[in-house]
>>> print(open('work_26.cif').read())   # mmCIF, C-alpha atoms
data_entry
loop_
_atom_site.group_PDB
_atom_site.id
_atom_site.type_symbol
_atom_site.label_atom_id
_atom_site.label_comp_id
_atom_site.auth_asym_id
_atom_site.auth_seq_id
_atom_site.Cartn_x
_atom_site.Cartn_y
_atom_site.Cartn_z
ATOM 1 C CA MET A 1 -59.181 -91.978 36.638
ATOM 2 C CA ILE A 2 -61.196 -95.143 37.211
ATOM 3 C CA THR A 3 -64.982 -94.766 37.205
ATOM 4 C CA PRO A 4 -67.373 -96.320 39.742
ATOM 5 C CA THR A 5 -68.820 -98.449 36.946
ATOM 6 C CA ILE A 6 -65.459 -99.988 36.084
ATOM 7 C CA GLU A 7 -64.815 -100.506 39.800
ATOM 8 C CA GLU A 8 -68.049 -102.495 40.011
ATOM 9 C CA TYR A 9 -67.021 -104.707 37.105
ATOM 10 C CA LEU A 10 -63.613 -105.360 38.647
ATOM 11 C CA GLU A 11 -65.260 -106.170 41.968
ATOM 12 C CA ALA A 12 -67.627 -108.614 40.238
ATOM 13 C CA ILE A 13 -64.690 -110.375 38.565
ATOM 14 C CA TYR A 14 -62.794 -110.484 41.866
ATOM 15 C CA ILE A 15 -65.763 -111.972 43.744
ATOM 16 C CA LEU A 16 -66.393 -114.625 41.098
ATOM 17 C CA THR A 17 -62.778 -115.747 40.935
ATOM 18 C CA SER A 18 -62.422 -115.745 44.722
ATOM 19 C CA GLU A 19 -65.290 -118.243 44.827
ATOM 20 C CA ASP A 20 -63.602 -120.442 42.188
ATOM 21 C CA ALA A 21 -66.168 -119.500 39.558
ATOM 22 C CA PRO A 22 -64.580 -118.734 36.167
ATOM 23 C CA ALA A 23 -65.183 -115.084 35.291
ATOM 24 C CA ILE A 24 -66.492 -115.476 31.770
ATOM 25 C CA SER A 25 -68.327 -112.627 30.061
ATOM 26 C CA ALA A 26 -71.792 -114.157 30.420
ATOM 27 C CA ARG A 27 -71.374 -114.696 34.153
ATOM 28 C CA VAL A 28 -70.024 -111.186 34.769
ATOM 29 C CA ALA A 29 -72.831 -109.695 32.666
ATOM 30 C CA GLU A 30 -75.388 -111.616 34.710
ATOM 31 C CA ARG A 31 -73.959 -110.304 37.977
ATOM 32 C CA MET A 32 -73.878 -106.771 36.642
ATOM 33 C CA GLY A 33 -77.348 -107.006 35.099
ATOM 34 C CA VAL A 34 -76.201 -105.847 31.674
ATOM 35 C CA SER A 35 -76.657 -107.062 28.099
ATOM 36 C CA ALA A 36 -74.032 -108.992 26.144
ATOM 37 C CA PRO A 37 -73.193 -105.969 23.896
ATOM 38 C CA THR A 38 -72.711 -103.742 26.972
ATOM 39 C CA MET A 39 -70.478 -106.362 28.537
ATOM 40 C CA THR A 40 -68.412 -106.628 25.354
ATOM 41 C CA ASP A 41 -67.901 -102.872 25.136
ATOM 42 C CA THR A 42 -66.957 -102.582 28.806
ATOM 43 C CA LEU A 43 -64.596 -105.538 28.560
ATOM 44 C CA LYS A 44 -62.770 -103.861 25.690
ATOM 45 C CA ARG A 45 -62.357 -100.728 27.814
ATOM 46 C CA MET A 46 -61.028 -102.715 30.767
ATOM 47 C CA VAL A 47 -58.539 -104.544 28.558
ATOM 48 C CA SER A 48 -57.320 -101.333 26.919
ATOM 49 C CA SER A 49 -56.946 -99.712 30.345
ATOM 50 C CA GLY A 50 -54.814 -102.603 31.561
ATOM 51 C CA TYR A 51 -57.227 -103.836 34.235
ATOM 52 C CA VAL A 52 -57.919 -107.302 32.799
ATOM 53 C CA ILE A 53 -56.753 -109.776 30.229
ATOM 54 C CA VAL A 54 -58.796 -112.466 28.491
ATOM 55 C CA SER A 55 -57.315 -115.949 28.400
ATOM 56 C CA LYS A 56 -57.490 -118.392 25.495
ATOM 57 C CA ASN A 57 -60.452 -120.145 27.114
ATOM 58 C CA LYS A 58 -62.293 -116.807 27.381
ATOM 59 C CA GLU A 59 -61.810 -116.339 31.133
ATOM 60 C CA ILE A 60 -61.447 -112.738 32.291
ATOM 61 C CA CYS A 61 -58.417 -112.395 34.574
ATOM 62 C CA LEU A 62 -57.483 -109.383 36.663
ATOM 63 C CA THR A 63 -54.069 -107.881 36.038
ATOM 64 C CA GLU A 64 -52.036 -106.666 39.000
ATOM 65 C CA LYS A 65 -53.427 -103.189 38.343
ATOM 66 C CA GLY A 66 -56.973 -104.517 38.171
ATOM 67 C CA ARG A 67 -56.587 -106.623 41.292
ATOM 68 C CA GLU A 68 -55.329 -103.627 43.271
ATOM 69 C CA GLN A 69 -58.421 -101.656 42.278
ATOM 70 C CA ALA A 70 -60.770 -104.552 43.016
ATOM 71 C CA GLU A 71 -59.225 -105.311 46.410
ATOM 72 C CA ALA A 72 -59.386 -101.645 47.401
ATOM 73 C CA LEU A 73 -63.115 -101.566 46.632
ATOM 74 C CA VAL A 74 -63.812 -104.871 48.393
ATOM 75 C CA ARG A 75 -61.790 -103.710 51.409
ATOM 76 C CA ARG A 76 -63.810 -100.484 51.691
ATOM 77 C CA HIS A 77 -67.045 -102.434 51.259
ATOM 78 C CA ARG A 78 -66.281 -104.940 54.010
ATOM 79 C CA LEU A 79 -64.938 -102.303 56.394
ATOM 80 C CA SER A 80 -68.122 -100.306 55.814
ATOM 81 C CA GLU A 81 -70.205 -103.360 56.670
ATOM 82 C CA ARG A 82 -68.267 -103.746 59.918
ATOM 83 C CA TRP A 83 -68.839 -100.108 60.852
ATOM 84 C CA LEU A 84 -72.527 -100.253 59.948
ATOM 85 C CA THR A 85 -73.168 -103.398 61.996
ATOM 86 C CA ASP A 86 -70.730 -103.046 64.890
ATOM 87 C CA VAL A 87 -71.101 -99.306 65.506
ATOM 88 C CA LEU A 88 -74.431 -98.227 63.996
ATOM 89 C CA GLY A 89 -76.270 -101.459 64.759
ATOM 90 C CA LEU A 90 -77.672 -102.154 61.288
ATOM 91 C CA ASP A 91 -78.540 -105.754 60.517
ATOM 92 C CA TRP A 92 -76.193 -107.427 58.067
ATOM 93 C CA SER A 93 -78.657 -107.357 55.170
ATOM 94 C CA LYS A 94 -79.106 -103.576 55.279
ATOM 95 C CA ALA A 95 -75.389 -103.154 55.976
ATOM 96 C CA HIS A 96 -74.490 -104.863 52.706
ATOM 97 C CA GLN A 97 -76.815 -102.636 50.701
ATOM 98 C CA GLU A 98 -75.523 -99.453 52.342
ATOM 99 C CA ALA A 99 -71.885 -100.556 51.971
ATOM 100 C CA CYS A 100 -72.432 -100.840 48.211
ATOM 101 C CA LYS A 101 -73.035 -97.079 48.227
ATOM 102 C CA LEU A 102 -70.269 -96.143 50.651
ATOM 103 C CA GLU A 103 -67.490 -98.181 49.038
ATOM 104 C CA HIS A 104 -67.061 -95.674 46.196
ATOM 105 C CA ALA A 105 -66.931 -92.605 48.439
ATOM 106 C CA ILE A 106 -64.406 -93.588 51.111
ATOM 107 C CA SER A 107 -60.950 -92.070 50.693
ATOM 108 C CA PRO A 108 -57.750 -93.945 51.642
ATOM 109 C CA GLU A 109 -57.378 -91.674 54.686
ATOM 110 C CA VAL A 110 -60.910 -92.381 55.900
ATOM 111 C CA GLU A 111 -60.406 -96.075 55.179
ATOM 112 C CA GLU A 112 -57.345 -96.177 57.426
ATOM 113 C CA GLN A 113 -59.107 -94.296 60.220
ATOM 114 C CA LEU A 114 -62.134 -96.556 59.916
ATOM 115 C CA SER A 115 -59.960 -99.642 60.179
ATOM 116 C CA ARG A 116 -58.187 -98.217 63.244
ATOM 117 C CA VAL A 117 -61.435 -97.285 65.015
ATOM 118 C CA LEU A 118 -62.759 -100.790 64.378
ATOM 119 C CA ASP A 119 -59.518 -102.290 65.773
ATOM 120 C CA TYR A 120 -58.410 -103.613 62.384
ATOM 121 C CA PRO A 121 -61.029 -106.293 61.703
ATOM 122 C CA SER A 122 -59.999 -109.166 59.455
ATOM 123 C CA THR A 123 -63.444 -110.177 58.154
ATOM 124 C CA CYS A 124 -66.758 -108.598 57.293
ATOM 125 C CA PRO A 125 -69.835 -109.506 59.406
ATOM 126 C CA HIS A 126 -70.564 -112.334 56.963
ATOM 127 C CA GLY A 127 -67.138 -113.877 57.584
ATOM 128 C CA ASN A 128 -65.445 -112.939 54.295
ATOM 129 C CA PRO A 129 -61.781 -111.881 54.528
ATOM 130 C CA ILE A 130 -60.973 -108.182 54.255
ATOM 131 C CA PRO A 131 -58.213 -107.788 51.638
ATOM 132 C CA GLY A 132 -54.986 -106.495 53.087
ATOM 133 C CA THR A 133 -55.396 -108.328 56.394
ATOM 134 C CA THR A 134 -54.014 -111.675 57.487
ATOM 135 C CA ALA A 135 -57.394 -113.372 57.128
ATOM 136 C CA LYS A 136 -57.565 -116.109 54.523
ATOM 137 C CA VAL A 137 -60.260 -118.472 53.343
ATOM 138 C CA ALA A 138 -59.829 -121.700 55.322
ATOM 139 C CA THR A 139 -58.354 -124.377 53.071
ATOM 140 C CA ASP A 140 -60.275 -127.131 54.836
ATOM 141 C CA SER A 141 -63.665 -125.461 54.443
ATOM 142 C CA VAL A 142 -66.415 -126.893 52.262
ATOM 143 C CA SER A 143 -69.626 -125.480 50.915
ATOM 144 C CA PHE A 144 -72.697 -126.344 52.964
ATOM 145 C CA ASP A 145 -74.182 -128.426 50.145
ATOM 146 C CA HIS A 146 -71.353 -130.974 50.554
ATOM 147 C CA VAL A 147 -72.178 -132.030 54.118
ATOM 148 C CA VAL A 148 -73.686 -135.404 55.037
ATOM 149 C CA ASP A 149 -76.108 -136.607 57.691
ATOM 150 C CA GLY A 150 -74.631 -136.410 61.183
ATOM 151 C CA ASP A 151 -71.888 -133.900 60.389
ATOM 152 C CA GLU A 152 -70.998 -131.453 63.149
ATOM 153 C CA ILE A 153 -70.149 -128.177 61.441
ATOM 154 C CA THR A 154 -69.152 -124.606 62.177
ATOM 155 C CA VAL A 155 -70.315 -121.828 59.878
ATOM 156 C CA LEU A 156 -67.347 -119.856 58.546
ATOM 157 C CA ARG A 157 -68.720 -117.386 56.019
ATOM 158 C CA ILE A 158 -71.595 -116.371 53.778
ATOM 159 C CA THR A 159 -70.258 -115.512 50.329
ATOM 160 C CA GLN A 160 -70.691 -112.034 48.908
ATOM 161 C CA ILE A 161 -72.777 -113.560 46.138
ATOM 162 C CA ALA A 162 -75.282 -114.691 48.784
ATOM 163 C CA GLU A 163 -75.094 -111.281 50.471
ATOM 164 C CA GLU A 164 -76.895 -109.833 47.483
ATOM 165 C CA ASP A 165 -80.101 -111.641 48.449
ATOM 166 C CA PRO A 166 -81.534 -109.686 51.413
ATOM 167 C CA ARG A 167 -84.275 -112.272 52.006
ATOM 168 C CA LEU A 168 -81.672 -115.020 52.365
ATOM 169 C CA LEU A 169 -79.545 -112.927 54.724
ATOM 170 C CA ASP A 170 -82.605 -112.123 56.828
ATOM 171 C CA TYR A 171 -83.549 -115.811 57.012
ATOM 172 C CA LEU A 172 -80.034 -116.865 57.997
ATOM 173 C CA LEU A 173 -79.786 -114.161 60.660
ATOM 174 C CA ARG A 174 -83.193 -114.985 62.170
ATOM 175 C CA ASN A 175 -82.231 -118.649 62.396
ATOM 176 C CA GLY A 176 -78.734 -118.140 63.742
ATOM 177 C CA ILE A 177 -76.904 -119.376 60.642
ATOM 178 C CA VAL A 178 -74.042 -116.929 61.139
ATOM 179 C CA PRO A 179 -70.237 -117.192 61.257
ATOM 180 C CA GLY A 180 -69.220 -119.098 64.371
ATOM 181 C CA ALA A 181 -72.508 -120.991 64.712
ATOM 182 C CA ASN A 182 -72.129 -124.683 65.574
ATOM 183 C CA LEU A 183 -74.694 -126.893 63.856
ATOM 184 C CA THR A 184 -75.542 -130.570 63.495
ATOM 185 C CA VAL A 185 -76.700 -131.866 60.118
ATOM 186 C CA THR A 186 -79.841 -133.927 60.739
ATOM 187 C CA GLU A 187 -80.887 -134.632 57.159
ATOM 188 C CA VAL A 188 -79.567 -134.091 53.653
ATOM 189 C CA ALA A 189 -82.442 -134.541 51.195
ATOM 190 C CA PRO A 190 -81.244 -133.885 47.619
ATOM 191 C CA TRP A 191 -84.568 -135.179 46.227
ATOM 192 C CA ALA A 192 -86.278 -132.326 48.094
ATOM 193 C CA GLY A 193 -83.448 -129.867 47.502
ATOM 194 C CA MET A 194 -83.045 -129.256 51.229
ATOM 195 C CA ILE A 195 -80.604 -129.658 54.098
ATOM 196 C CA THR A 196 -81.914 -129.659 57.666
ATOM 197 C CA VAL A 197 -79.698 -128.794 60.620
ATOM 198 C CA ARG A 198 -80.118 -128.476 64.364
ATOM 199 C CA ASN A 199 -79.050 -125.183 65.888
ATOM 200 C CA GLY A 200 -79.424 -125.654 69.628
ATOM 201 C CA ASP A 201 -83.067 -126.626 70.146
ATOM 202 C CA GLN A 202 -84.085 -125.218 66.763
ATOM 203 C CA SER A 203 -84.450 -127.126 63.491
ATOM 204 C CA VAL A 204 -83.591 -125.092 60.378
ATOM 205 C CA SER A 205 -83.956 -126.046 56.718
ATOM 206 C CA ILE A 206 -81.824 -124.538 53.950
ATOM 207 C CA GLY A 207 -82.231 -124.998 50.210
ATOM 208 C CA LEU A 208 -79.317 -126.519 48.314
ATOM 209 C CA PRO A 209 -78.827 -123.463 46.032
ATOM 210 C CA ALA A 210 -78.426 -121.248 49.117
ATOM 211 C CA ALA A 211 -76.265 -123.838 50.873
ATOM 212 C CA ALA A 212 -73.787 -123.694 47.993
ATOM 213 C CA HIS A 213 -72.950 -120.122 49.069
ATOM 214 C CA ILE A 214 -72.392 -120.920 52.748
ATOM 215 C CA TRP A 215 -68.962 -122.237 53.724
ATOM 216 C CA VAL A 216 -68.465 -124.399 56.773
ATOM 217 C CA GLN A 217 -65.844 -126.412 58.579
ATOM 218 C CA VAL A 218 -66.680 -130.026 59.322
ATOM 219 C CA LYS A 219 -65.451 -131.231 62.691
ATOM 220 C CA ARG A 220 -63.288 -134.316 62.437
ATOM 221 C CA ARG A 221 -64.883 -137.456 63.756
ATOM 222 C CA GLU A 222 -62.967 -139.745 66.061
ATOM 223 C CA SER A 223 -61.775 -142.820 64.148
#
>>> encode(input="work_26.cif", output="structure tokens")
Amino acid sequence: MITPTIEEYLEAIYILTSEDAPAISARVAERMGVSAPTMTDTLKRMVSSGYVIVSKNKEICLTEKGREQAEALVRRHRLSERWLTDVLGLDWSKAHQEACKLEHAISPEVEEQLSRVLDYPSTCPHGNPIPGTTAKVATDSVSFDHVVDGDEITVLRITQIAEEDPRLLDYLLRNGIVPGANLTVTEVAPWAGMITVRNGDQSVSIGLPAAAHIWVQVKRRES
């Protein structure tokens, strides 16, 4: 039987690869907050259990078995976030933290009932697709740090990597940088490490490192 610890590792690999970040040992270890020897030992266990394989260039890749486990955990996590925000009224920062606890305890039966009660949501409150639904990451989306002055953009999602910073989530929520928000880029200042946008009558600045974890859709300009 899979342990919660192994589930967490598989989830970390899934999240990294879904954001087009190669899941190498050092990067997974950093996300998990473990030492290199611990990562090596756990990786050996995951390989022997058939959850992952390691490619020639040292990337950790989920097998079909590993992906099924990872997607199940991510699905429970994102459904939990929906329930916590939509029904219980928690803000999305606290919802993420609580969902990290709930995701290991929800049974398949409860998961199905939760999905039904929530009317089968396709994304979490942060805009990330719930595995097993029809939602997909928009192919024409770009990370926020790739916008230019004057762009009209719509916020699509805040990555799960960014969700792990409660201060960032609180800042984004307070300033209306949420999925569906329509913004105008007023200044991109790489020398200052900042992007400034207009959200209605409000001016909001976002650091480039944070912007890299926010995905947006740029509205096409008339030619």
>>> residues_around(input="work_26.cif", residues="region 175-179 of chain A", least_positions_apart="2", cutoff="8 Å", atoms="only C-alpha atoms", output="list in words")
Pro125, His126, Gly127, Thr154, Val155, Leu156, Arg157, Ile158, Tyr171, Leu172, Leu173, Ala181, Asn199 and Val204 of chain A
>>> closest_residue(input="work_26.cif", among="A:Leu73, A:Thr133, A:Asp20, A:Ile6", to="Arg45 (chain A)", atoms="all atoms listed in the file")
A:Ile6
>>> axis_aligned_box(input="work_26.cif", around="region 209-218 of chain A", padding_each_side="6 Å", output="JSON")
{"center_x": -72.3, "center_y": -125.1, "center_z": 52.7, "size_x": 25.0, "size_y": 21.9, "size_z": 25.3}
>>> closest_residue(input="work_26.cif", among="A:Met194, A:Cys124, A:Ile161, A:Leu90", to="Tyr14 (chain A)", atoms="all atoms listed in the file")
A:Ile161
>>> atom_distance(input="work_26.cif", atom1="CA of Asn128 (chain A)", atom2="CA of Gln160 (chain A)")
7.6 Å
>>> residues_around(input="work_26.cif", residues="Pro4 (chain A)", least_positions_apart="3", cutoff="8 Å", atoms="all atoms listed in the file", output="VMD selection string")
chain A and resid 7 to 8 104
>>> residues_around(input="work_26.cif", residues="His146 (chain A)", least_positions_apart="4", cutoff="9 Å", atoms="only C-alpha atoms", output="ChimeraX atom specification")
/A:142,211-212
>>> closest_residue(input="work_26.cif", among="A:Ser80, A:Thr196, A:Thr3, A:Gln113", to="Trp92 (chain A)", atoms="all atoms listed in the file")
A:Ser80
>>> decode(input="work_26.cif", residues="region 75-102 of chain A", atoms="N, CA, C and O atoms", output="PDB file, in the first residue's frame")
ATOM      1  N   ARG A  75      -6.130  15.528  -7.509  1.00  0.00           N
ATOM      2  CA  ARG A  75      -7.579  15.700  -7.660  1.00  0.00           C
ATOM      3  C   ARG A  75      -8.235  15.922  -6.292  1.00  0.00           C
ATOM      4  O   ARG A  75      -9.058  16.831  -6.125  1.00  0.00           O
ATOM      5  N   ARG A  76      -7.874  15.115  -5.310  1.00  0.00           N
ATOM      6  CA  ARG A  76      -8.452  15.270  -3.969  1.00  0.00           C
ATOM      7  C   ARG A  76      -8.059  16.615  -3.361  1.00  0.00           C
ATOM      8  O   ARG A  76      -8.862  17.258  -2.674  1.00  0.00           O
ATOM      9  N   HIS A  77      -6.820  17.023  -3.610  1.00  0.00           N
ATOM     10  CA  HIS A  77      -6.345  18.308  -3.084  1.00  0.00           C
ATOM     11  C   HIS A  77      -7.168  19.456  -3.663  1.00  0.00           C
ATOM     12  O   HIS A  77      -7.663  20.326  -2.922  1.00  0.00           O
ATOM     13  N   ARG A  78      -7.336  19.483  -4.963  1.00  0.00           N
ATOM     14  CA  ARG A  78      -8.013  20.605  -5.609  1.00  0.00           C
ATOM     15  C   ARG A  78      -9.515  20.599  -5.358  1.00  0.00           C
ATOM     16  O   ARG A  78     -10.130  21.664  -5.243  1.00  0.00           O
ATOM     17  N   LEU A  79     -10.104  19.414  -5.234  1.00  0.00           N
ATOM     18  CA  LEU A  79     -11.512  19.343  -4.832  1.00  0.00           C
ATOM     19  C   LEU A  79     -11.685  19.853  -3.407  1.00  0.00           C
ATOM     20  O   LEU A  79     -12.652  20.572  -3.106  1.00  0.00           O
ATOM     21  N   SER A  80     -10.750  19.500  -2.533  1.00  0.00           N
ATOM     22  CA  SER A  80     -10.808  19.972  -1.148  1.00  0.00           C
ATOM     23  C   SER A  80     -10.732  21.484  -1.088  1.00  0.00           C
ATOM     24  O   SER A  80     -11.450  22.134  -0.320  1.00  0.00           O
ATOM     25  N   GLU A  81      -9.853  22.064  -1.910  1.00  0.00           N
ATOM     26  CA  GLU A  81      -9.748  23.527  -1.947  1.00  0.00           C
ATOM     27  C   GLU A  81     -11.072  24.156  -2.361  1.00  0.00           C
ATOM     28  O   GLU A  81     -11.489  25.177  -1.804  1.00  0.00           O
ATOM     29  N   ARG A  82     -11.725  23.553  -3.352  1.00  0.00           N
ATOM     30  CA  ARG A  82     -13.020  24.061  -3.808  1.00  0.00           C
ATOM     31  C   ARG A  82     -14.048  24.025  -2.675  1.00  0.00           C
ATOM     32  O   ARG A  82     -14.795  24.978  -2.450  1.00  0.00           O
ATOM     33  N   TRP A  83     -14.105  22.913  -1.973  1.00  0.00           N
ATOM     34  CA  TRP A  83     -15.059  22.763  -0.877  1.00  0.00           C
ATOM     35  C   TRP A  83     -14.762  23.777   0.232  1.00  0.00           C
ATOM     36  O   TRP A  83     -15.669  24.437   0.751  1.00  0.00           O
ATOM     37  N   LEU A  84     -13.490  23.923   0.557  1.00  0.00           N
ATOM     38  CA  LEU A  84     -13.097  24.813   1.649  1.00  0.00           C
ATOM     39  C   LEU A  84     -13.393  26.275   1.327  1.00  0.00           C
ATOM     40  O   LEU A  84     -13.782  27.045   2.214  1.00  0.00           O
ATOM     41  N   THR A  85     -13.221  26.661   0.065  1.00  0.00           N
ATOM     42  CA  THR A  85     -13.479  28.059  -0.304  1.00  0.00           C
ATOM     43  C   THR A  85     -14.948  28.302  -0.637  1.00  0.00           C
ATOM     44  O   THR A  85     -15.548  29.262  -0.158  1.00  0.00           O
ATOM     45  N   ASP A  86     -15.519  27.428  -1.458  1.00  0.00           N
ATOM     46  CA  ASP A  86     -16.877  27.665  -1.959  1.00  0.00           C
ATOM     47  C   ASP A  86     -17.954  27.391  -0.917  1.00  0.00           C
ATOM     48  O   ASP A  86     -19.003  28.045  -0.913  1.00  0.00           O
ATOM     49  N   VAL A  87     -17.721  26.413  -0.051  1.00  0.00           N
ATOM     50  CA  VAL A  87     -18.740  26.022   0.927  1.00  0.00           C
ATOM     51  C   VAL A  87     -18.428  26.569   2.318  1.00  0.00           C
ATOM     52  O   VAL A  87     -19.299  27.148   2.983  1.00  0.00           O
ATOM     53  N   LEU A  88     -17.180  26.405   2.769  1.00  0.00           N
ATOM     54  CA  LEU A  88     -16.827  26.831   4.125  1.00  0.00           C
ATOM     55  C   LEU A  88     -16.367  28.286   4.194  1.00  0.00           C
ATOM     56  O   LEU A  88     -16.271  28.848   5.277  1.00  0.00           O
ATOM     57  N   GLY A  89     -16.044  28.868   3.051  1.00  0.00           N
ATOM     58  CA  GLY A  89     -15.692  30.286   3.035  1.00  0.00           C
ATOM     59  C   GLY A  89     -14.279  30.620   3.448  1.00  0.00           C
ATOM     60  O   GLY A  89     -13.977  31.779   3.762  1.00  0.00           O
ATOM     61  N   LEU A  90     -13.366  29.637   3.463  1.00  0.00           N
ATOM     62  CA  LEU A  90     -11.973  29.925   3.768  1.00  0.00           C
ATOM     63  C   LEU A  90     -11.345  30.707   2.622  1.00  0.00           C
ATOM     64  O   LEU A  90     -11.738  30.546   1.466  1.00  0.00           O
ATOM     65  N   ASP A  91     -10.363  31.558   2.941  1.00  0.00           N
ATOM     66  CA  ASP A  91      -9.654  32.220   1.853  1.00  0.00           C
ATOM     67  C   ASP A  91      -8.723  31.202   1.202  1.00  0.00           C
ATOM     68  O   ASP A  91      -8.426  30.161   1.766  1.00  0.00           O
ATOM     69  N   TRP A  92      -8.264  31.515  -0.014  1.00  0.00           N
ATOM     70  CA  TRP A  92      -7.588  30.481  -0.795  1.00  0.00           C
ATOM     71  C   TRP A  92      -6.202  30.125  -0.285  1.00  0.00           C
ATOM     72  O   TRP A  92      -5.670  29.094  -0.630  1.00  0.00           O
ATOM     73  N   SER A  93      -5.622  30.976   0.575  1.00  0.00           N
ATOM     74  CA  SER A  93      -4.340  30.644   1.180  1.00  0.00           C
ATOM     75  C   SER A  93      -4.519  29.563   2.252  1.00  0.00           C
ATOM     76  O   SER A  93      -3.834  28.541   2.250  1.00  0.00           O
ATOM     77  N   LYS A  94      -5.477  29.776   3.146  1.00  0.00           N
ATOM     78  CA  LYS A  94      -5.752  28.781   4.188  1.00  0.00           C
ATOM     79  C   LYS A  94      -6.297  27.496   3.575  1.00  0.00           C
ATOM     80  O   LYS A  94      -6.015  26.395   4.060  1.00  0.00           O
ATOM     81  N   ALA A  95      -7.070  27.624   2.502  1.00  0.00           N
ATOM     82  CA  ALA A  95      -7.650  26.450   1.855  1.00  0.00           C
ATOM     83  C   ALA A  95      -6.554  25.528   1.333  1.00  0.00           C
ATOM     84  O   ALA A  95      -6.654  24.304   1.441  1.00  0.00           O
ATOM     85  N   HIS A  96      -5.508  26.111   0.762  1.00  0.00           N
ATOM     86  CA  HIS A  96      -4.415  25.279   0.248  1.00  0.00           C
ATOM     87  C   HIS A  96      -3.750  24.506   1.380  1.00  0.00           C
ATOM     88  O   HIS A  96      -3.497  23.304   1.249  1.00  0.00           O
ATOM     89  N   GLN A  97      -3.483  25.172   2.474  1.00  0.00           N
ATOM     90  CA  GLN A  97      -2.817  24.523   3.604  1.00  0.00           C
ATOM     91  C   GLN A  97      -3.681  23.396   4.176  1.00  0.00           C
ATOM     92  O   GLN A  97      -3.169  22.317   4.500  1.00  0.00           O
ATOM     93  N   GLU A  98      -4.974  23.643   4.315  1.00  0.00           N
ATOM     94  CA  GLU A  98      -5.863  22.617   4.861  1.00  0.00           C
ATOM     95  C   GLU A  98      -6.036  21.463   3.880  1.00  0.00           C
ATOM     96  O   GLU A  98      -6.129  20.294   4.289  1.00  0.00           O
ATOM     97  N   ALA A  99      -6.065  21.761   2.584  1.00  0.00           N
ATOM     98  CA  ALA A  99      -6.219  20.711   1.572  1.00  0.00           C
ATOM     99  C   ALA A  99      -5.027  19.759   1.577  1.00  0.00           C
ATOM    100  O   ALA A  99      -5.176  18.578   1.265  1.00  0.00           O
ATOM    101  N   CYS A 100      -3.855  20.276   1.933  1.00  0.00           N
ATOM    102  CA  CYS A 100      -2.665  19.413   2.024  1.00  0.00           C
ATOM    103  C   CYS A 100      -2.859  18.319   3.074  1.00  0.00           C
ATOM    104  O   CYS A 100      -2.304  17.223   2.951  1.00  0.00           O
ATOM    105  N   LYS A 101      -3.658  18.610   4.089  1.00  0.00           N
ATOM    106  CA  LYS A 101      -3.942  17.617   5.132  1.00  0.00           C
ATOM    107  C   LYS A 101      -5.056  16.674   4.692  1.00  0.00           C
ATOM    108  O   LYS A 101      -4.980  15.460   4.915  1.00  0.00           O
ATOM    109  N   LEU A 102      -6.078  17.232   4.068  1.00  0.00           N
ATOM    110  CA  LEU A 102      -7.254  16.442   3.701  1.00  0.00           C
ATOM    111  C   LEU A 102      -6.998  15.470   2.556  1.00  0.00           C
ATOM    112  O   LEU A 102      -7.622  14.413   2.481  1.00  0.00           O
TER     113      LEU A 102
END
